[in-house]
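Colleague: Got a file for you: coords-v4.csv, CSV, C-alpha atoms.
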chain,number,residue,atom,x,y,z
A,17,ALA,CA,78.8,100.6,96.2
A,18,GLN,CA,81.6,102.4,94.4
A,19,SER,CA,85.0,100.9,94.2
A,20,VAL,CA,88.4,101.4,92.6
A,21,THR,CA,90.9,98.8,91.5
A,22,GLN,CA,94.5,99.6,90.7
A,23,PRO,CA,95.9,96.3,89.5
A,24,ASP,CA,99.6,97.3,89.7
A,25,ILE,CA,101.0,97.6,93.2
A,26,HIS,CA,104.4,98.5,92.1
A,27,ILE,CA,105.8,99.7,88.7
A,28,THR,CA,109.4,100.5,87.8
A,29,VAL,CA,110.2,102.5,84.7
A,30,SER,CA,113.4,104.1,83.3
A,31,GLU,CA,113.6,107.9,83.2
A,32,GLY,CA,112.5,109.1,79.9
A,33,ALA,CA,110.2,106.1,79.3
A,34,SER,CA,106.5,106.4,78.9
A,35,LEU,CA,104.2,105.5,81.7
A,36,GLU,CA,100.7,104.1,82.1
A,37,LEU,CA,99.0,103.4,85.4
A,38,ARG,CA,95.8,101.5,85.3
A,39,CYS,CA,92.6,102.2,87.1
A,40,ASN,CA,89.3,100.5,86.9
A,41,TYR,CA,86.2,101.7,88.8
A,42,SER,CA,82.8,100.5,89.7
A,43,TYR,CA,80.1,103.1,90.1
A,44,GLY,CA,76.4,103.1,89.5
A,45,ALA,CA,76.1,106.4,87.6
A,46,THR,CA,78.4,108.8,85.9
A,47,PRO,CA,81.5,108.9,88.0
A,48,TYR,CA,83.8,111.7,89.0
A,49,LEU,CA,87.3,110.4,88.6
A,50,PHE,CA,90.5,111.6,90.1
A,51,TRP,CA,94.2,110.9,90.2
A,52,TYR,CA,96.3,111.9,93.2
A,53,VAL,CA,100.0,111.7,93.9
A,54,GLN,CA,101.6,111.2,97.3
A,55,SER,CA,105.3,111.7,97.8
A,56,PRO,CA,106.9,110.1,100.8
A,57,GLY,CA,105.8,111.9,104.0
A,58,GLN,CA,103.6,114.3,102.0
A,59,GLY,CA,99.9,114.8,101.6
A,60,LEU,CA,97.8,114.0,98.5
A,61,GLN,CA,98.1,116.3,95.5
A,62,LEU,CA,95.5,116.3,92.8
A,63,LEU,CA,97.0,115.5,89.4
A,64,LEU,CA,93.8,115.7,87.4
A,65,LYS,CA,90.1,115.0,87.4
A,66,TYR,CA,87.3,114.1,85.1
A,67,PHE,CA,83.7,115.3,85.7
A,68,SER,CA,82.3,115.4,82.2
A,69,GLY,CA,83.0,116.4,78.6
A,70,ASP,CA,86.2,115.5,76.8
A,71,THR,CA,87.3,112.1,77.9
A,72,LEU,CA,91.0,112.9,77.6
A,73,VAL,CA,91.9,115.2,80.5
A,74,GLN,CA,95.2,117.0,81.0
A,75,GLY,CA,96.7,117.5,84.4
A,76,ILE,CA,99.7,119.0,86.1
A,77,LYS,CA,103.3,117.8,85.7
A,78,GLY,CA,102.6,116.6,82.1
A,79,PHE,CA,100.1,113.8,83.1
A,80,GLU,CA,97.0,113.0,81.3
A,81,ALA,CA,94.2,110.4,81.7
A,82,GLU,CA,91.5,109.0,79.5
A,83,PHE,CA,88.1,108.1,80.7
A,84,LYS,CA,86.7,105.0,78.9
A,85,ARG,CA,83.2,104.3,80.0
A,86,SER,CA,83.0,101.0,78.0
A,87,GLN,CA,86.0,99.7,79.9
A,88,SER,CA,85.2,101.4,83.3
A,89,SER,CA,88.8,102.7,83.2
A,90,PHE,CA,90.6,105.9,83.9
A,91,ASN,CA,94.3,105.2,83.1
A,92,LEU,CA,96.9,107.7,83.9
A,93,ARG,CA,99.7,108.4,81.3
A,94,LYS,CA,102.8,110.3,80.9
A,95,PRO,CA,104.9,110.3,77.7
A,96,SER,CA,108.3,110.8,79.4
A,97,VAL,CA,108.8,110.1,83.1
A,98,HIS,CA,111.2,112.2,85.2
A,99,TRP,CA,113.0,110.9,88.3
A,100,SER,CA,110.9,113.3,90.4
A,101,ASP,CA,107.8,111.4,89.4
A,102,ALA,CA,108.7,108.6,91.8
A,103,ALA,CA,105.8,108.5,94.3
A,104,GLU,CA,102.6,106.7,95.1
A,105,TYR,CA,99.6,107.3,92.8
A,106,PHE,CA,96.0,106.9,93.8
A,107,CYS,CA,93.0,106.7,91.6
A,108,ALA,CA,89.7,107.8,93.2
A,109,VAL,CA,86.1,107.9,92.3
A,110,GLY,CA,83.3,110.2,93.6
A,111,GLY,CA,79.7,110.8,92.8
A,112,PRO,CA,77.6,113.7,91.5
A,113,THR,CA,77.7,117.1,93.1
A,114,GLY,CA,76.4,116.1,96.5
A,115,THR,CA,79.0,113.4,97.1
A,116,ALA,CA,81.9,114.3,94.7
A,117,SER,CA,84.1,115.1,97.6
A,118,LYS,CA,83.5,111.8,99.4
A,119,LEU,CA,86.0,109.8,97.5
A,120,THR,CA,86.7,106.1,97.3
A,121,PHE,CA,90.4,105.5,96.7
A,122,GLY,CA,92.2,102.6,95.1
A,123,THR,CA,95.1,100.9,96.9
A,124,GLY,CA,97.6,102.9,95.0
A,125,THR,CA,100.5,102.2,92.6
A,126,ARG,CA,104.0,102.9,93.8
A,127,LEU,CA,106.1,104.2,90.9
A,128,GLN,CA,109.9,103.8,91.0
A,129,VAL,CA,112.0,105.5,88.4
A,130,THR,CA,115.4,104.3,87.5
A,131,LEU,CA,118.1,106.5,86.1
B,20,GLU,CA,99.4,129.0,97.5
B,21,PRO,CA,96.9,128.4,100.3
B,22,GLU,CA,97.2,125.1,102.1
B,23,VAL,CA,95.5,122.9,104.6
B,24,THR,CA,97.6,122.7,107.8
B,25,GLN,CA,97.5,119.7,110.2
B,26,THR,CA,99.0,119.3,113.6
B,27,PRO,CA,100.7,117.4,115.1
B,28,SER,CA,102.6,115.8,112.2
B,29,HIS,CA,103.2,112.7,114.4
B,30,GLN,CA,101.7,111.6,117.7
B,31,VAL,CA,102.5,108.6,119.7
B,32,THR,CA,100.0,107.6,122.4
B,33,GLN,CA,99.2,104.8,124.7
B,34,MET,CA,96.1,102.6,124.0
B,35,GLY,CA,93.1,104.0,125.8
B,36,GLN,CA,94.3,107.6,125.7
B,37,GLU,CA,92.4,110.4,124.0
B,38,VAL,CA,93.8,112.1,121.0
B,39,ILE,CA,92.9,115.3,119.2
B,40,LEU,CA,94.1,116.0,115.7
B,41,ARG,CA,93.8,119.5,114.4
B,42,CYS,CA,93.3,120.9,111.0
B,43,VAL,CA,93.3,124.5,109.8
B,44,PRO,CA,91.4,124.7,106.5
B,45,ILE,CA,91.9,127.1,103.7
B,46,SER,CA,90.2,130.3,104.7
B,47,ASN,CA,87.2,130.4,102.4
B,48,HIS,CA,86.5,126.6,102.5
B,49,LEU,CA,83.3,125.5,104.1
B,50,TYR,CA,83.4,121.7,103.6
B,51,PHE,CA,85.7,119.6,105.7
B,52,TYR,CA,86.7,116.0,105.6
B,53,TRP,CA,88.8,113.5,107.5
B,54,TYR,CA,90.3,110.5,105.7
B,55,ARG,CA,92.5,107.8,107.1
B,56,GLN,CA,95.3,105.7,105.6
B,57,ILE,CA,96.5,102.7,107.6
B,58,LEU,CA,100.1,101.9,106.6
B,59,GLY,CA,100.2,100.1,103.3
B,60,GLN,CA,96.5,100.4,102.7
B,61,LYS,CA,94.2,102.6,100.8
B,62,VAL,CA,93.0,106.0,101.9
B,63,GLU,CA,89.5,105.7,103.4
B,64,PHE,CA,86.8,108.3,104.0
B,65,LEU,CA,85.9,108.9,107.6
B,66,VAL,CA,83.6,111.8,107.9
B,67,SER,CA,82.4,115.0,106.2
B,68,PHE,CA,81.4,118.2,108.0
B,69,TYR,CA,79.5,121.2,106.9
B,70,ASN,CA,77.7,124.0,108.7
B,71,ASN,CA,78.8,122.8,112.1
B,72,GLU,CA,77.4,119.3,111.6
B,73,ILE,CA,78.3,116.0,110.2
B,74,SER,CA,77.1,115.5,106.7
B,75,GLU,CA,78.1,111.9,106.3
B,76,LYS,CA,80.2,109.3,108.0
B,77,SER,CA,81.6,105.9,107.3
B,78,GLU,CA,81.3,102.7,109.2
B,79,ILE,CA,84.8,103.4,110.6
B,80,PHE,CA,83.6,106.5,112.3
B,81,ASP,CA,82.1,105.0,115.4
B,82,ASP,CA,81.2,106.4,118.8
B,83,GLN,CA,84.9,106.7,119.6
B,84,PHE,CA,85.3,109.4,117.0
B,85,SER,CA,84.0,113.0,117.0
B,86,VAL,CA,84.6,116.1,115.0
B,87,GLU,CA,84.0,119.7,115.7
B,88,ARG,CA,85.0,123.2,114.7
B,89,PRO,CA,85.5,124.7,118.2
B,90,ASP,CA,86.6,128.2,117.3
B,91,GLY,CA,85.5,128.8,113.8
B,92,SER,CA,89.0,128.1,112.3
B,93,ASN,CA,90.3,124.8,113.5
B,94,PHE,CA,88.6,121.6,112.5
B,95,THR,CA,89.4,118.8,114.9
B,96,LEU,CA,89.1,115.0,115.0
B,97,LYS,CA,89.0,113.4,118.5
B,98,ILE,CA,89.5,109.8,119.2
B,99,ARG,CA,88.2,109.2,122.8
B,100,SER,CA,89.9,106.0,123.7
B,101,THR,CA,92.5,105.0,121.2
B,102,LYS,CA,93.0,101.4,120.0
B,103,LEU,CA,96.0,99.8,118.4
B,104,GLU,CA,94.1,99.6,115.1
B,105,ASP,CA,93.7,103.4,115.1
B,106,SER,CA,97.3,103.7,114.2
B,107,ALA,CA,97.2,105.4,110.8
B,108,MET,CA,97.9,108.6,108.9
B,109,TYR,CA,94.9,110.9,109.2
B,110,PHE,CA,94.3,113.4,106.4
B,111,CYS,CA,92.2,116.5,106.7
B,112,ALA,CA,90.8,117.8,103.4
B,113,THR,CA,88.7,120.8,102.6
B,114,THR,CA,86.9,122.3,99.7
B,115,ASP,CA,85.0,125.5,99.0
B,116,ARG,CA,82.0,123.8,97.4
B,117,LEU,CA,80.4,120.4,96.9
B,118,GLY,CA,82.1,118.7,94.1
B,119,GLY,CA,85.0,121.1,94.2
B,120,GLU,CA,88.6,120.0,94.3
B,121,LEU,CA,89.7,118.6,97.6
B,122,PHE,CA,92.8,120.1,99.1
B,123,PHE,CA,94.5,117.7,101.5
B,124,GLY,CA,96.8,118.4,104.4
B,125,GLU,CA,100.1,116.6,104.8
B,126,GLY,CA,98.6,114.3,107.4
B,127,SER,CA,99.0,113.5,111.0
B,128,ARG,CA,100.6,110.2,111.8
B,129,LEU,CA,99.1,108.5,114.8
B,130,THR,CA,100.9,105.6,116.5
B,131,VAL,CA,99.1,103.8,119.2
B,132,LEU,CA,101.2,101.6,121.5
Do you think you could lay out the structure here as structure tokens?
Modeller:
Amino acid sequence: AQSVTQPDIHITVSEGASLELRCNYSYGATPYLFWYVQSPGQGLQLLLKYFSGDTLVQGIKGFEAEFKRSQSSFNLRKPSVHWSDAAEYFCAVGGPTGTASKLTFGTGTRLQVTL
Amino acid sequence: EPEVTQTPSHQVTQMGQEVILRCVPISNHLYFYWYRQILGQKVEFLVSFYNNEISEKSEIFDDQFSVERPDGSNFTLKIRSTKLEDSAMYFCATTDRLGGELFFGEGSRLTVL
């Protein structure tokens, strides 16, 4: 069965500092990987996704993520965090075409940004 | 930008009552999903729906739950007899193709008393 682990429940960074949110997955085949962001009271917005090809993917809002098959990881990074990035971040895994939209989510990492 | 719309944004109901949550998908989307997020927990898949039938459902989606597309536009989730543990945020998501990006609505918060 597929699963996602986000080891950090809560992270605090200063505005302007770099950010890395960790995500490890378990999946029996080539995974489809996603990062979503959820602001308070809002829905889930897709930041970026990895299906195949270049293992470093660029997303919206200056985020990027790197797929490392050997480590079963898909960590999210941003070089310089803005106060508006404070939100909850979810990593998710899906399968090949038939089930890519049936996602398994991690428990999320809440990001707090201090000024 | 097209968006998925959910109503109501928040519903409070008594245990045992029926609840219907509604979703208006993006117009050209054909694949529909419901996900649930209990407060403080992860987002969980409930059910997927395509061509007027359920494609897949999770263990959570028991006989108390049903989905339909009654009028060709709305996509609804019905809980027949709500339980306390049904209290959660329910997200509708849609996509135009299998494997395509999922677009999520803002969610409907259900509180069962």
Colleague: Per residue of chain B within 7 Å of chain A, what are the shortest atom pair and its distance in Å to one decimal, counting all atoms listed in the file, with rows by chain and residue number, as a tab-separated table?
Modeller:
residue	atom	partner	partner_atom	distance
B:Gln60	CA	A:Thr123	CA	6.0
B:Lys61	CA	A:Thr123	CA	4.3
B:Val62	CA	A:Phe121	CA	5.8
B:Glu63	CA	A:Thr120	CA	6.7
B:Phe64	CA	A:Lys118	CA	6.7
B:Leu117	CA	A:Thr113	CA	5.7
B:Gly118	CA	A:Ala116	CA	4.4
B:Gly119	CA	A:Ser117	CA	7.0
B:Leu121	CA	A:Ser117	CA	6.6
B:Phe123	CA	A:Leu60	CA	5.8
B:Gly124	CA	A:Gly59	CA	5.5
B:Glu125	CA	A:Gly59	CA	3.7
B:Gly126	CA	A:Gly59	CA	6.0
Colleague: Would you mind reading off the distance between atom CA of A:Leu131 and atom CA of A:Val29, one decimal, in Å?
Modeller: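 Computed distance, atom CA of A:Leu131 to atom CA of A:Val29, equals 9.0 Å.
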Colleague: Please tell me which residues are no farther than 7 Å from (80.1, 103.0, 93.2) in the file, counting only C-alpha atoms, and write them as an MDAnalysis selection string.
Modeller: chainID A and resid 17:19 42:44
Colleague: Go ahead and write the selection's residues with C-alpha atoms as an mmCIF file, keeping the file's coordinate frame.
Modeller:
data_model
loop_
_atom_site.group_PDB
_atom_site.id
_atom_site.type_symbol
_atom_site.label_atom_id
_atom_site.label_comp_id
_atom_site.auth_asym_id
_atom_site.auth_seq_id
_atom_site.Cartn_x
_atom_site.Cartn_y
_atom_site.Cartn_z
ATOM 1 C CA ALA A 17 78.800 100.600 96.200
ATOM 2 C CA GLN A 18 81.600 102.400 94.400
ATOM 3 C CA SER A 19 85.000 100.900 94.200
ATOM 4 C CA SER A 42 82.800 100.500 89.700
ATOM 5 C CA TYR A 43 80.100 103.100 90.100
ATOM 6 C CA GLY A 44 76.400 103.100 89.500
#
Colleague: Which is closer to A:Ala81 than all the others in A:Leu35, A:Val97, A:Ser55, A:Ala45, using all atoms listed in the file?
Modeller: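 Counting all atoms listed in the file, the residue closest to A:Ala81 is A:Leu35.
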Colleague: Atom CA of B:Pro21 and atom CA of A:Val129, how far apart in Å?
Modeller: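 Taking atom CA of A:Val129 and atom CA of B:Pro21, their separation equals 29.9 Å.
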Colleague: List the neighbours of B:Pro44 out to 8 Å using only C-alpha atoms; skip same-chain residues closer than 2 positions along the sequence, and give me the result as a PyMOL selection string.
Modeller: chain B and resi 22-24+42+46+48+51+92-94+112-113
Colleague: One number please: atom CA of A:Tyr66 to atom CA of B:Tyr109, in Å, one decimal.
Modeller: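 Straight-line distance from atom CA of A:Tyr66 to atom CA of B:Tyr109 works out to 25.5 Å.
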Colleague: Quick one: residues within 6 Å of A:Thr21, all atoms listed in the file counted, chain neighbours fewer than 2 positions away excluded, as JSON, numbers by chain?
Modeller: {"A": [23, 39, 40, 122]}
Colleague: Nearest to A:Trp51: which of A:Gln87, A:Thr125, A:Glu31, A:Asp70 is it, counting only C-alpha atoms?
Modeller: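 Of A:Gln87, A:Thr125, A:Glu31, A:Asp70, the one nearest A:Trp51 is A:Thr125, counting only C-alpha atoms.
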Colleague: So which residues touch stretch 78-85 of chain B within 7 Å, counting only C-alpha atoms, skipping near sequence neighbours fewer than 2 positions away, as JSON, numbers by chain?
Modeller: {"B": [65, 66, 76, 87, 96, 97, 98, 99, 100]}
Colleague: Generate the output file for the selected residues, C-alpha atoms, as a short mmCIF file (atom, residue, chain, number, x, y, z; two decimals), in the frame of the given file.
Modeller:
data_model
loop_
_atom_site.label_atom_id
_atom_site.label_comp_id
_atom_site.auth_asym_id
_atom_site.auth_seq_id
_atom_site.Cartn_x
_atom_site.Cartn_y
_atom_site.Cartn_z
CA LEU B 65 85.90 108.90 107.60
CA VAL B 66 83.60 111.80 107.90
CA LYS B 76 80.20 109.30 108.00
CA GLU B 87 84.00 119.70 115.70
CA LEU B 96 89.10 115.00 115.00
CA LYS B 97 89.00 113.40 118.50
CA ILE B 98 89.50 109.80 119.20
CA ARG B 99 88.20 109.20 122.80
CA SER B 100 89.90 106.00 123.70
#
Colleague: Of the candidates A:Asp24, A:Ser89, A:Trp99, A:Val53, which shows the shortest atom-to-atom distance to A:Gly75, using only C-alpha atoms?
Modeller: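 Checking each of A:Asp24, A:Ser89, A:Trp99, A:Val53 against A:Gly75, counting only C-alpha atoms, the winner is A:Val53.
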Colleague: Restricting the calculation to all atoms listed in the file, which member of A:Glu104, A:Leu37, A:Lys94, A:Gly32 is positioned closest to A:Gln128?
Modeller: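 That would be A:Glu104, the residue with the smallest distance to A:Gln128.
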Colleague: Which of these residues is nearest to B:Arg128, using only C-alpha atoms: B:Gln36, B:Ser77, B:Thr95, B:Gln56?
Modeller: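 With only C-alpha atoms as the atom set, the closest residue is B:Gln56.
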Colleague: Can I get stretch 115-126 of chain B with all heavy atoms filled in, as an mmCIF file, keeping the file's coordinate frame?
Modeller:
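rebuild_13.cif, written as the output of this step:
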data_model
loop_
_atom_site.group_PDB
_atom_site.id
_atom_site.type_symbol
_atom_site.label_atom_id
_atom_site.label_comp_id
_atom_site.auth_asym_id
_atom_site.auth_seq_id
_atom_site.Cartn_x
_atom_site.Cartn_y
_atom_site.Cartn_z
ATOM 1 N N ASP B 115 85.851 124.348 98.822
ATOM 2 C CA ASP B 115 85.000 125.500 99.000
ATOM 3 C C ASP B 115 83.562 125.265 98.489
ATOM 4 O O ASP B 115 82.677 126.095 98.704
ATOM 5 C CB ASP B 115 85.589 126.709 98.179
ATOM 6 C CG ASP B 115 85.714 126.424 96.680
ATOM 7 O OD1 ASP B 115 85.582 125.246 96.284
ATOM 8 O OD2 ASP B 115 85.954 127.370 95.915
ATOM 9 N N ARG B 116 83.338 124.086 97.861
ATOM 10 C CA ARG B 116 82.000 123.800 97.400
ATOM 11 C C ARG B 116 81.837 122.304 97.168
ATOM 12 O O ARG B 116 82.838 121.605 96.957
ATOM 13 C CB ARG B 116 81.698 124.534 96.088
ATOM 14 C CG ARG B 116 82.593 124.108 94.934
ATOM 15 C CD ARG B 116 82.513 125.042 93.751
ATOM 16 N NE ARG B 116 83.285 124.552 92.625
ATOM 17 C CZ ARG B 116 84.599 124.658 92.510
ATOM 18 N NH1 ARG B 116 85.296 125.219 93.482
ATOM 19 N NH2 ARG B 116 85.221 124.204 91.434
ATOM 20 N N LEU B 117 80.620 121.830 97.212
ATOM 21 C CA LEU B 117 80.400 120.400 96.900
ATOM 22 C C LEU B 117 80.820 120.108 95.509
ATOM 23 O O LEU B 117 80.446 120.804 94.573
ATOM 24 C CB LEU B 117 78.900 120.099 97.101
ATOM 25 C CG LEU B 117 78.402 119.984 98.547
ATOM 26 C CD1 LEU B 117 76.898 119.813 98.564
ATOM 27 C CD2 LEU B 117 79.087 118.839 99.261
ATOM 28 N N GLY B 118 81.590 119.072 95.363
ATOM 29 C CA GLY B 118 82.100 118.700 94.100
ATOM 30 C C GLY B 118 83.355 119.445 93.667
ATOM 31 O O GLY B 118 83.922 119.198 92.609
ATOM 32 N N GLY B 119 83.787 120.346 94.509
ATOM 33 C CA GLY B 119 85.000 121.100 94.200
ATOM 34 C C GLY B 119 86.244 120.241 94.534
ATOM 35 O O GLY B 119 86.166 119.191 95.165
ATOM 36 N N GLU B 120 87.382 120.737 94.088
ATOM 37 C CA GLU B 120 88.600 120.000 94.300
ATOM 38 C C GLU B 120 88.885 119.945 95.832
ATOM 39 O O GLU B 120 88.751 120.934 96.553
ATOM 40 C CB GLU B 120 89.783 120.736 93.660
ATOM 41 C CG GLU B 120 91.137 120.093 93.942
ATOM 42 C CD GLU B 120 92.282 120.849 93.304
ATOM 43 O OE1 GLU B 120 92.026 121.664 92.400
ATOM 44 O OE2 GLU B 120 93.441 120.618 93.722
ATOM 45 N N LEU B 121 89.255 118.764 96.273
ATOM 46 C CA LEU B 121 89.700 118.600 97.600
ATOM 47 C C LEU B 121 91.112 118.932 97.814
ATOM 48 O O LEU B 121 91.952 118.468 97.054
ATOM 49 C CB LEU B 121 89.475 117.104 98.063
ATOM 50 C CG LEU B 121 88.133 116.639 98.576
ATOM 51 C CD1 LEU B 121 88.210 115.183 98.968
ATOM 52 C CD2 LEU B 121 87.665 117.477 99.747
ATOM 53 N N PHE B 122 91.397 119.740 98.806
ATOM 54 C CA PHE B 122 92.800 120.100 99.100
ATOM 55 C C PHE B 122 93.118 119.297 100.423
ATOM 56 O O PHE B 122 92.455 119.453 101.442
ATOM 57 C CB PHE B 122 92.925 121.568 99.358
ATOM 58 C CG PHE B 122 92.855 122.360 98.086
ATOM 59 C CD1 PHE B 122 91.628 122.678 97.529
ATOM 60 C CD2 PHE B 122 94.007 122.778 97.441
ATOM 61 C CE1 PHE B 122 91.539 123.402 96.350
ATOM 62 C CE2 PHE B 122 93.932 123.512 96.265
ATOM 63 C CZ PHE B 122 92.698 123.820 95.714
ATOM 64 N N PHE B 123 94.156 118.487 100.336
ATOM 65 C CA PHE B 123 94.500 117.700 101.500
ATOM 66 C C PHE B 123 95.695 118.291 102.238
ATOM 67 O O PHE B 123 96.602 118.890 101.654
ATOM 68 C CB PHE B 123 95.003 116.279 100.980
ATOM 69 C CG PHE B 123 93.871 115.368 100.591
ATOM 70 C CD1 PHE B 123 93.292 115.435 99.335
ATOM 71 C CD2 PHE B 123 93.395 114.421 101.491
ATOM 72 C CE1 PHE B 123 92.256 114.592 98.972
ATOM 73 C CE2 PHE B 123 92.354 113.573 101.141
ATOM 74 C CZ PHE B 123 91.785 113.653 99.885
ATOM 75 N N GLY B 124 95.663 118.111 103.549
ATOM 76 C CA GLY B 124 96.800 118.400 104.400
ATOM 77 C C GLY B 124 97.868 117.353 104.249
ATOM 78 O O GLY B 124 97.661 116.337 103.582
ATOM 79 N N GLU B 125 99.001 117.573 104.918
ATOM 80 C CA GLU B 125 100.100 116.600 104.800
ATOM 81 C C GLU B 125 99.926 115.425 105.739
ATOM 82 O O GLU B 125 100.724 114.499 105.701
ATOM 83 C CB GLU B 125 101.430 117.327 105.099
ATOM 84 C CG GLU B 125 101.781 118.332 104.016
ATOM 85 C CD GLU B 125 103.204 118.830 104.110
ATOM 86 O OE1 GLU B 125 103.878 118.544 105.122
ATOM 87 O OE2 GLU B 125 103.652 119.511 103.171
ATOM 88 N N GLY B 126 98.908 115.460 106.554
ATOM 89 C CA GLY B 126 98.600 114.300 107.400
ATOM 90 C C GLY B 126 99.163 114.377 108.778
ATOM 91 O O GLY B 126 100.163 115.056 109.033
#
